[in-house]
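run.txt follows; it contains compact mmCIF, C-alpha atoms.
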```txt
# COMPACT_ATOMS: atom_id res chain seq x y z
CA MET Z 1 -63.08 -111.74 158.03
CA ARG Z 2 -60.93 -110.33 155.24
CA PHE Z 3 -63.35 -107.53 154.24
CA ASP Z 4 -65.19 -106.79 157.49
CA ASP Z 5 -63.66 -103.32 157.70
CA LEU Z 6 -65.35 -102.24 154.46
CA SER Z 7 -68.79 -100.69 154.08
CA LYS Z 8 -71.63 -102.95 152.92
CA SER Z 9 -71.59 -101.97 149.23
CA THR Z 10 -67.83 -102.11 148.81
CA ARG Z 11 -67.65 -105.30 150.89
CA ASP Z 12 -70.06 -106.97 148.45
CA ASP Z 13 -67.92 -105.83 145.52
CA ALA Z 14 -64.75 -107.03 147.22
CA GLU Z 15 -66.29 -110.45 147.83
CA ALA Z 16 -67.37 -110.62 144.18
CA VAL Z 17 -63.80 -109.92 143.06
CA ALA Z 18 -62.47 -112.50 145.52
CA GLU Z 19 -64.88 -115.04 144.04
CA ALA Z 20 -63.67 -114.16 140.54
CA ILE Z 21 -60.07 -114.71 141.65
CA GLY Z 22 -61.18 -118.14 142.83
CA ASP Z 23 -58.90 -120.76 144.31
CA VAL Z 24 -55.70 -119.73 142.50
CA ASN Z 25 -52.71 -120.75 144.58
CA ARG Z 26 -50.26 -118.06 143.43
CA LEU Z 27 -51.50 -115.09 141.41
CA GLY Z 28 -49.48 -112.49 139.54
CA VAL Z 29 -51.23 -109.15 139.10
CA ALA Z 30 -50.10 -106.91 136.25
CA TYR Z 31 -49.65 -103.75 138.28
CA SER Z 32 -49.07 -100.15 137.18
CA GLY Z 33 -50.01 -98.12 140.24
CA GLY Z 34 -53.24 -96.90 138.65
CA VAL Z 35 -56.44 -97.24 140.63
CA ASP Z 36 -57.68 -100.37 138.80
CA SER Z 37 -54.54 -102.46 139.19
CA ALA Z 38 -53.97 -101.14 142.73
CA VAL Z 39 -57.45 -102.20 143.84
CA LEU Z 40 -57.06 -105.58 142.18
CA LEU Z 41 -53.70 -106.18 143.85
CA ALA Z 42 -54.99 -105.02 147.24
CA LEU Z 43 -57.99 -107.36 147.02
CA ALA Z 44 -55.80 -110.23 145.80
CA VAL Z 45 -53.47 -109.74 148.79
CA ARG Z 46 -56.45 -109.84 151.15
CA THR Z 47 -57.92 -112.86 149.39
CA LEU Z 48 -54.80 -114.98 148.98
CA GLY Z 49 -52.34 -113.44 151.42
CA PRO Z 50 -49.19 -111.38 150.71
CA GLU Z 51 -47.09 -114.41 149.83
CA ARG Z 52 -49.51 -115.71 147.18
CA ALA Z 53 -50.50 -112.44 145.43
CA ILE Z 54 -47.60 -110.70 143.69
CA GLY Z 55 -47.63 -107.41 141.80
CA LEU Z 56 -45.83 -107.46 138.45
CA LEU Z 57 -44.59 -103.98 137.57
CA ALA Z 58 -43.31 -103.54 134.02
CA ASP Z 59 -40.85 -100.75 133.30
CA SER Z 60 -40.18 -99.36 129.82
CA PRO Z 61 -39.49 -96.03 128.09
CA SER Z 62 -43.25 -95.45 127.76
CA LEU Z 63 -43.72 -95.38 131.56
CA ALA Z 64 -43.17 -91.95 133.12
CA ARG Z 65 -40.76 -91.96 136.08
CA HIS Z 66 -43.41 -90.12 138.10
CA GLU Z 67 -45.84 -93.02 137.57
CA LEU Z 68 -43.18 -95.57 138.50
CA GLN Z 69 -42.58 -93.83 141.82
CA ILE Z 70 -46.32 -93.72 142.55
CA ALA Z 71 -46.62 -97.45 141.83
CA ARG Z 72 -43.79 -98.25 144.23
CA SER Z 73 -45.24 -96.04 146.95
CA VAL Z 74 -48.76 -97.49 146.69
CA ALA Z 75 -47.43 -101.05 146.78
CA THR Z 76 -45.57 -100.24 149.98
CA GLN Z 77 -48.72 -98.65 151.39
CA MET Z 78 -50.78 -101.80 150.83
CA GLY Z 79 -48.03 -104.16 151.96
CA ALA Z 80 -47.85 -105.96 148.63
CA LYS Z 81 -44.84 -107.73 147.22
CA VAL Z 82 -43.97 -106.28 143.80
CA VAL Z 83 -41.50 -107.62 141.26
CA GLU Z 84 -40.20 -105.09 138.73
CA PHE Z 85 -39.06 -106.19 135.29
CA ALA Z 86 -38.27 -104.67 131.91
CA THR Z 87 -40.35 -104.91 128.77
CA HIS Z 88 -39.09 -104.03 125.31
CA GLU Z 89 -42.16 -103.23 123.25
CA ASP Z 90 -40.07 -100.56 121.51
CA ASP Z 91 -38.10 -103.41 119.88
CA ARG Z 92 -41.25 -104.43 118.01
CA ALA Z 93 -41.70 -102.78 114.61
CA GLU Z 94 -45.49 -103.01 114.93
CA TYR Z 95 -45.41 -101.05 118.18
CA ARG Z 96 -43.12 -98.36 116.79
CA ALA Z 97 -45.34 -98.05 113.71
CA ASN Z 98 -48.04 -96.82 116.10
CA GLY Z 99 -51.16 -98.06 114.40
CA ALA Z 100 -54.52 -98.03 116.18
CA ASP Z 101 -53.59 -101.49 117.48
CA ARG Z 102 -50.37 -100.29 119.17
CA CYS Z 103 -51.69 -101.24 122.62
CA PHE Z 104 -52.06 -104.85 121.49
CA TYR Z 105 -48.31 -105.13 120.90
CA CYS Z 106 -47.52 -103.41 124.18
CA LYS Z 107 -49.75 -105.75 126.19
CA ASP Z 108 -48.59 -108.75 124.17
CA GLU Z 109 -45.00 -107.90 125.11
CA LEU Z 110 -46.02 -107.53 128.75
CA PHE Z 111 -47.82 -110.85 128.97
CA THR Z 112 -45.20 -112.66 126.87
CA VAL Z 113 -42.42 -111.62 129.26
CA ILE Z 114 -44.56 -112.66 132.22
CA SER Z 115 -45.39 -116.03 130.64
CA ASN Z 116 -41.89 -116.81 129.42
CA THR Z 117 -39.90 -115.61 132.40
CA LEU Z 118 -41.75 -114.60 135.54
CA ALA Z 119 -44.47 -117.24 135.69
CA GLU Z 120 -42.00 -120.06 136.24
CA ASP Z 121 -39.57 -118.06 138.38
CA LEU Z 122 -42.36 -116.96 140.73
CA ALA Z 123 -44.31 -120.24 140.51
CA LEU Z 124 -47.44 -118.41 139.35
CA ASP Z 125 -50.56 -120.40 138.58
CA ALA Z 126 -52.38 -117.50 136.90
CA VAL Z 127 -52.01 -113.85 135.92
CA ALA Z 128 -54.67 -111.14 136.21
CA TYR Z 129 -54.95 -107.53 135.12
CA GLY Z 130 -57.13 -104.59 136.08
CA GLU Z 131 -59.67 -104.32 133.29
CA ASN Z 132 -62.93 -103.04 134.82
CA ALA Z 133 -66.48 -103.48 133.54
CA ASP Z 134 -66.48 -100.09 131.79
CA ASP Z 135 -63.21 -100.87 129.98
CA ALA Z 136 -64.66 -104.17 128.79
CA ASN Z 137 -67.32 -102.27 126.83
CA ARG Z 138 -64.97 -99.77 125.18
CA PRO Z 139 -63.96 -100.26 121.53
CA ASP Z 140 -60.58 -98.54 121.94
CA ARG Z 141 -58.88 -101.23 124.04
CA PRO Z 142 -56.88 -103.48 121.64
CA GLY Z 143 -54.74 -104.59 124.57
CA ALA Z 144 -57.68 -106.67 125.75
CA GLU Z 145 -57.13 -109.03 122.81
CA ALA Z 146 -53.59 -109.68 124.00
CA ALA Z 147 -54.94 -110.50 127.46
CA THR Z 148 -57.40 -112.95 125.92
CA ARG Z 149 -54.70 -114.70 123.91
CA HIS Z 150 -52.54 -115.10 127.00
CA ARG Z 151 -55.49 -116.28 129.11
CA VAL Z 152 -55.11 -113.45 131.59
CA LEU Z 153 -57.83 -113.17 134.22
CA ARG Z 154 -60.06 -110.08 134.55
CA PRO Z 155 -61.52 -110.31 138.06
CA LEU Z 156 -62.85 -106.73 138.20
CA ALA Z 157 -64.65 -106.97 134.87
CA GLN Z 158 -65.86 -110.51 135.62
CA ALA Z 159 -67.39 -109.25 138.86
CA GLY Z 160 -69.08 -106.36 137.00
CA ILE Z 161 -67.12 -103.67 138.85
CA THR Z 162 -67.36 -100.32 137.06
CA LYS Z 163 -64.79 -97.55 137.30
CA ALA Z 164 -66.89 -95.66 139.85
CA ARG Z 165 -67.11 -98.75 142.03
CA VAL Z 166 -63.35 -99.35 141.66
CA ARG Z 167 -62.76 -95.86 143.03
CA ALA Z 168 -65.20 -96.50 145.89
CA LEU Z 169 -63.28 -99.66 146.74
CA ALA Z 170 -59.97 -97.78 146.62
CA LEU Z 171 -61.33 -95.14 148.98
CA ASP Z 172 -62.65 -97.73 151.43
CA LEU Z 173 -59.38 -99.66 151.24
CA GLY Z 174 -57.50 -96.47 152.10
CA LEU Z 175 -55.51 -96.38 148.87
CA SER Z 176 -53.95 -93.01 148.05
CA VAL Z 177 -54.78 -93.44 144.35
CA ALA Z 178 -58.56 -93.49 144.88
CA ASP Z 179 -58.93 -90.20 142.99
CA LYS Z 180 -55.89 -90.57 140.76
CA PRO Z 181 -56.60 -89.57 137.14
CA ALA Z 182 -56.05 -92.17 134.45
CA ALA Z 183 -52.44 -92.23 133.24
CA PRO Z 184 -52.14 -94.00 129.88
CA CYS Z 185 -48.63 -94.66 128.61
CA LEU Z 186 -46.59 -91.85 127.09
CA ALA Z 187 -46.92 -93.36 123.60
CA SER Z 188 -50.63 -92.49 123.64
CA ARG Z 189 -49.64 -88.83 123.12
CA ILE Z 190 -48.27 -89.57 119.64
CA PRO Z 191 -50.81 -89.61 116.76
CA HIS Z 192 -51.36 -93.01 115.19
CA GLY Z 193 -49.24 -93.54 112.11
CA GLU Z 194 -46.39 -91.43 113.45
CA GLU Z 195 -43.47 -93.46 114.77
CA VAL Z 196 -42.99 -93.94 118.50
CA THR Z 197 -39.40 -93.02 119.38
CA PRO Z 198 -37.54 -92.69 122.69
CA GLU Z 199 -36.91 -89.00 121.95
CA LYS Z 200 -40.62 -88.25 121.49
CA LEU Z 201 -41.44 -90.09 124.71
CA ARG Z 202 -38.81 -88.09 126.59
CA GLN Z 203 -40.20 -84.83 125.21
CA VAL Z 204 -43.73 -85.70 126.30
CA GLU Z 205 -42.62 -86.81 129.75
CA ALA Z 206 -40.57 -83.65 130.33
CA ALA Z 207 -43.41 -81.40 129.18
CA GLU Z 208 -46.02 -83.10 131.37
CA GLN Z 209 -43.70 -83.06 134.35
CA ALA Z 210 -43.31 -79.30 133.86
CA LEU Z 211 -47.10 -78.84 133.85
CA ARG Z 212 -47.34 -80.93 137.02
CA GLU Z 213 -44.78 -78.68 138.69
CA LEU Z 214 -46.83 -75.65 137.61
CA GLY Z 215 -49.74 -77.06 139.61
CA PHE Z 216 -51.98 -78.61 136.96
CA SER Z 217 -53.82 -81.62 138.37
CA ASP Z 218 -53.62 -83.57 135.11
CA SER Z 219 -52.43 -83.05 131.56
CA ARG Z 220 -51.71 -84.58 128.18
CA VAL Z 221 -49.09 -83.10 125.89
CA ARG Z 222 -49.87 -84.37 122.41
CA HIS Z 223 -46.83 -84.64 120.17
CA HIS Z 224 -47.40 -83.11 116.73
CA GLY Z 225 -43.83 -82.84 115.51
CA ARG Z 226 -42.53 -79.42 116.44
CA ILE Z 227 -45.92 -78.53 117.98
CA ALA Z 228 -47.05 -79.47 121.49
CA ARG Z 229 -50.83 -79.52 121.99
CA ILE Z 230 -51.66 -79.24 125.68
CA GLU Z 231 -54.79 -80.75 127.21
CA VAL Z 232 -55.70 -79.94 130.81
CA PRO Z 233 -59.01 -80.29 132.70
CA LEU Z 234 -61.58 -77.73 131.52
CA ALA Z 235 -61.77 -76.21 135.00
CA GLU Z 236 -58.06 -75.37 134.79
CA LEU Z 237 -57.96 -73.82 131.31
CA GLY Z 238 -58.40 -70.36 132.79
CA ARG Z 239 -55.00 -70.60 134.48
CA PHE Z 240 -53.34 -69.95 131.13
CA ALA Z 241 -54.80 -66.42 131.17
CA ASP Z 242 -52.35 -65.62 133.95
CA GLU Z 243 -49.30 -64.10 132.30
CA ALA Z 244 -46.81 -65.79 134.62
CA VAL Z 245 -48.36 -69.24 134.07
CA ARG Z 246 -48.49 -68.67 130.31
CA GLN Z 247 -44.84 -67.67 130.12
CA GLN Z 248 -43.65 -70.46 132.41
CA THR Z 249 -45.63 -73.01 130.39
CA GLN Z 250 -44.23 -71.79 127.11
CA GLN Z 251 -40.67 -71.79 128.40
CA ALA Z 252 -40.97 -75.27 129.92
CA ILE Z 253 -42.57 -76.87 126.87
CA ARG Z 254 -39.98 -75.33 124.57
CA ALA Z 255 -37.24 -76.56 126.89
CA ALA Z 256 -38.67 -80.07 126.41
CA GLY Z 257 -37.88 -79.77 122.69
CA PHE Z 258 -40.97 -78.29 121.07
CA ALA Z 259 -40.86 -75.16 118.91
CA TYR Z 260 -44.52 -74.20 119.29
CA VAL Z 261 -46.97 -74.50 122.19
CA THR Z 262 -50.74 -74.70 121.76
CA ILE Z 263 -53.63 -75.23 124.18
CA ASP Z 264 -56.58 -77.45 123.26
CA LEU Z 265 -59.82 -75.71 124.22
CA GLY Z 266 -61.54 -79.10 124.36
CA GLY Z 267 -59.71 -79.99 127.57
CA MET Z 268 -58.80 -83.57 128.45
CA GLN Z 269 -59.76 -86.15 125.79
CA SER Z 270 -59.36 -89.81 126.68
CA GLY Z 271 -58.52 -92.10 123.77
CA ALA Z 272 -58.87 -89.26 121.26
CA PHE Z 273 -56.41 -90.55 118.67
CA THR Z 274 -57.71 -94.12 118.67
CA MET Z 275 -61.39 -93.13 118.68
CA GLN Z 276 -60.86 -90.94 115.61
CA ILE Z 277 -59.76 -94.01 113.63
CA ILE Z 278 -62.47 -96.28 115.08
CA ASN Z 279 -65.24 -93.76 114.32
CA ARG Z 280 -63.89 -93.31 110.78
CA HIS Z 281 -64.42 -97.01 110.07
CA ARG Z 282 -67.85 -97.38 111.62
```

What would you get if you wrote out this structure as structure tokens?
Amino acid sequence: MRFDDLSKSTRDDAEAVAEAIGDVNRLGVAYSGGVDSAVLLALAVRTLGPERAIGLLADSPSLARHELQIARSVATQMGAKVVEFATHEDDRAEYRANGADRCFYCKDELFTVISNTLAEDLALDAVAYGENADDANRPDRPGAEAATRHRVLRPLAQAGITKARVRALALDLGLSVADKPAAPCLASRIPHGEEVTPEKLRQVEAAEQALRELGFSDSRVRHHGRIARIEVPLAELGRFADEAVRQQTQQAIRAAGFAYVTIDLGGMQSGAFTMQIINRHR
């Protein structure tokens, strides 16, 4: 059987996702290399076979090159066919304006390109993406509206699979991204209302790559004009007390184009910019 190698709890979850996928003949999975989309693609491949489940990997200036390489590596690991294509959300004025609904325009661009170009070329009958049950209950996910408008399937959320259970599935499936931190697009580092530009995205990417090379397990470099505000996991904040780490961090962030370097004592903060606006209007 397709899931006999999994433990009982993860096998039940895998079967639930397979049931949510249903009898689709050829499925395209919007794939980023993150744990949610990787698990969904891996389960789709097992459910439908490698010729009928295809990963759709969108590349744009808001995707860090490091993340692109991870996505390619994980796809190879799971034996999935992946088609790479370009999206141009940065051509949309609404996306560049960077309102709290920016993610809607990004996802709308993604699903529009898939619908208008790839669906016919790849003979796809349906498209799915990796929203999980926890994401479905979050108010800071405007991209979900784009998925709804394009009739994109949500097998993980439909099966009630939470983030913790997605990670358990990834571990049991042997995926190297089982413990991978979330990696939202580079544009999420720019405060809402401030324009998204290629230069800002390059600055953020270079700064975060420098922190990765300094050994930080995860980071966000928030772009506040000439100021970079660094977020790292709370357990790693103490590393900045080391003089060598402090100096190397300052030099690297300035080399990325920032004049000033600050450290946020609150640590990592998922969805911080968007939640500020949502909470303000509640």

Write out as a PDB file with C-alpha atoms, keeping the file's coordinate frame the residues lying within 7 Å of Z:Ala187, counting all atoms listed in the file and excluding same-chain residues fewer than 4 positions away.
```
ATOM      1  CA  SER Z  62     -43.250 -95.450 127.760  1.00  0.00           C
ATOM      2  CA  VAL Z 196     -42.990 -93.940 118.500  1.00  0.00           C
ATOM      3  CA  LEU Z 201     -41.440 -90.090 124.710  1.00  0.00           C
TER       4      LEU Z 201
END
```

Using only C-alpha atoms, I'd like a table of the residues in stretch 163-191 of chain Z that come within 12 Å of stretch 121-134 of chain Z; for each, show the closest atom pair and its distance in Å rounded to one decimal, ordered by chain and ascending number, as JSON lines.
```
{"residue": "Z:Lys163", "atom": "CA", "partner": "Z:Asp134", "partner_atom": "CA", "distance": 6.3}
{"residue": "Z:Ala164", "atom": "CA", "partner": "Z:Asp134", "partner_atom": "CA", "distance": 9.2}
{"residue": "Z:Arg165", "atom": "CA", "partner": "Z:Asn132", "partner_atom": "CA", "distance": 9.4}
{"residue": "Z:Val166", "atom": "CA", "partner": "Z:Asn132", "partner_atom": "CA", "distance": 7.8}
{"residue": "Z:Arg167", "atom": "CA", "partner": "Z:Asn132", "partner_atom": "CA", "distance": 10.9}
```

Could I get the residues of stretch 18-77 of chain Z with an atom no further than 12 Å from an atom of stretch 90-95 of chain Z, each paired with its nearest atom pair and that distance in Å to one decimal, using all atoms listed in the file, sorted by chain and residue number, as a Markdown table?
```
| residue | atom | partner | partner_atom | distance |
| --- | --- | --- | --- | --- |
| Z:Asp59 | CA | Z:Asp90 | CA | 11.8 |
| Z:Ser60 | CA | Z:Asp90 | CA | 8.4 |
| Z:Pro61 | CA | Z:Asp90 | CA | 8.0 |
| Z:Ser62 | CA | Z:Asp90 | CA | 8.7 |
| Z:Leu63 | CA | Z:Asp90 | CA | 11.9 |
```

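Taking atom CA of Z:Arg154 and atom CA of Z:Arg72 as the two end points, the separation is 22.3 Å.
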
*Which polymer residues have any atom within 9 Å of an atom of Z:Leu214, counting all atoms listed in the file, with same-chain residues fewer than 5 positions away left out, as a PyMOL selection string?*
chain Z and resi 209+245+248-249

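Ranking Z:Met78, Z:Ile70, Z:Cys103, Z:Ala146 by their shortest atom-to-atom distance to Z:Gly174, with all atoms listed in the file included, puts Z:Met78 first.
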
*Please provide the set of residues having any atom within 8 Å of Z:Leu110, restricted to all atoms listed in the file, with same-chain residues fewer than 2 positions apart removed, written as a ChimeraX atom specification.*
/Z:58,87,89,106-108,112-114
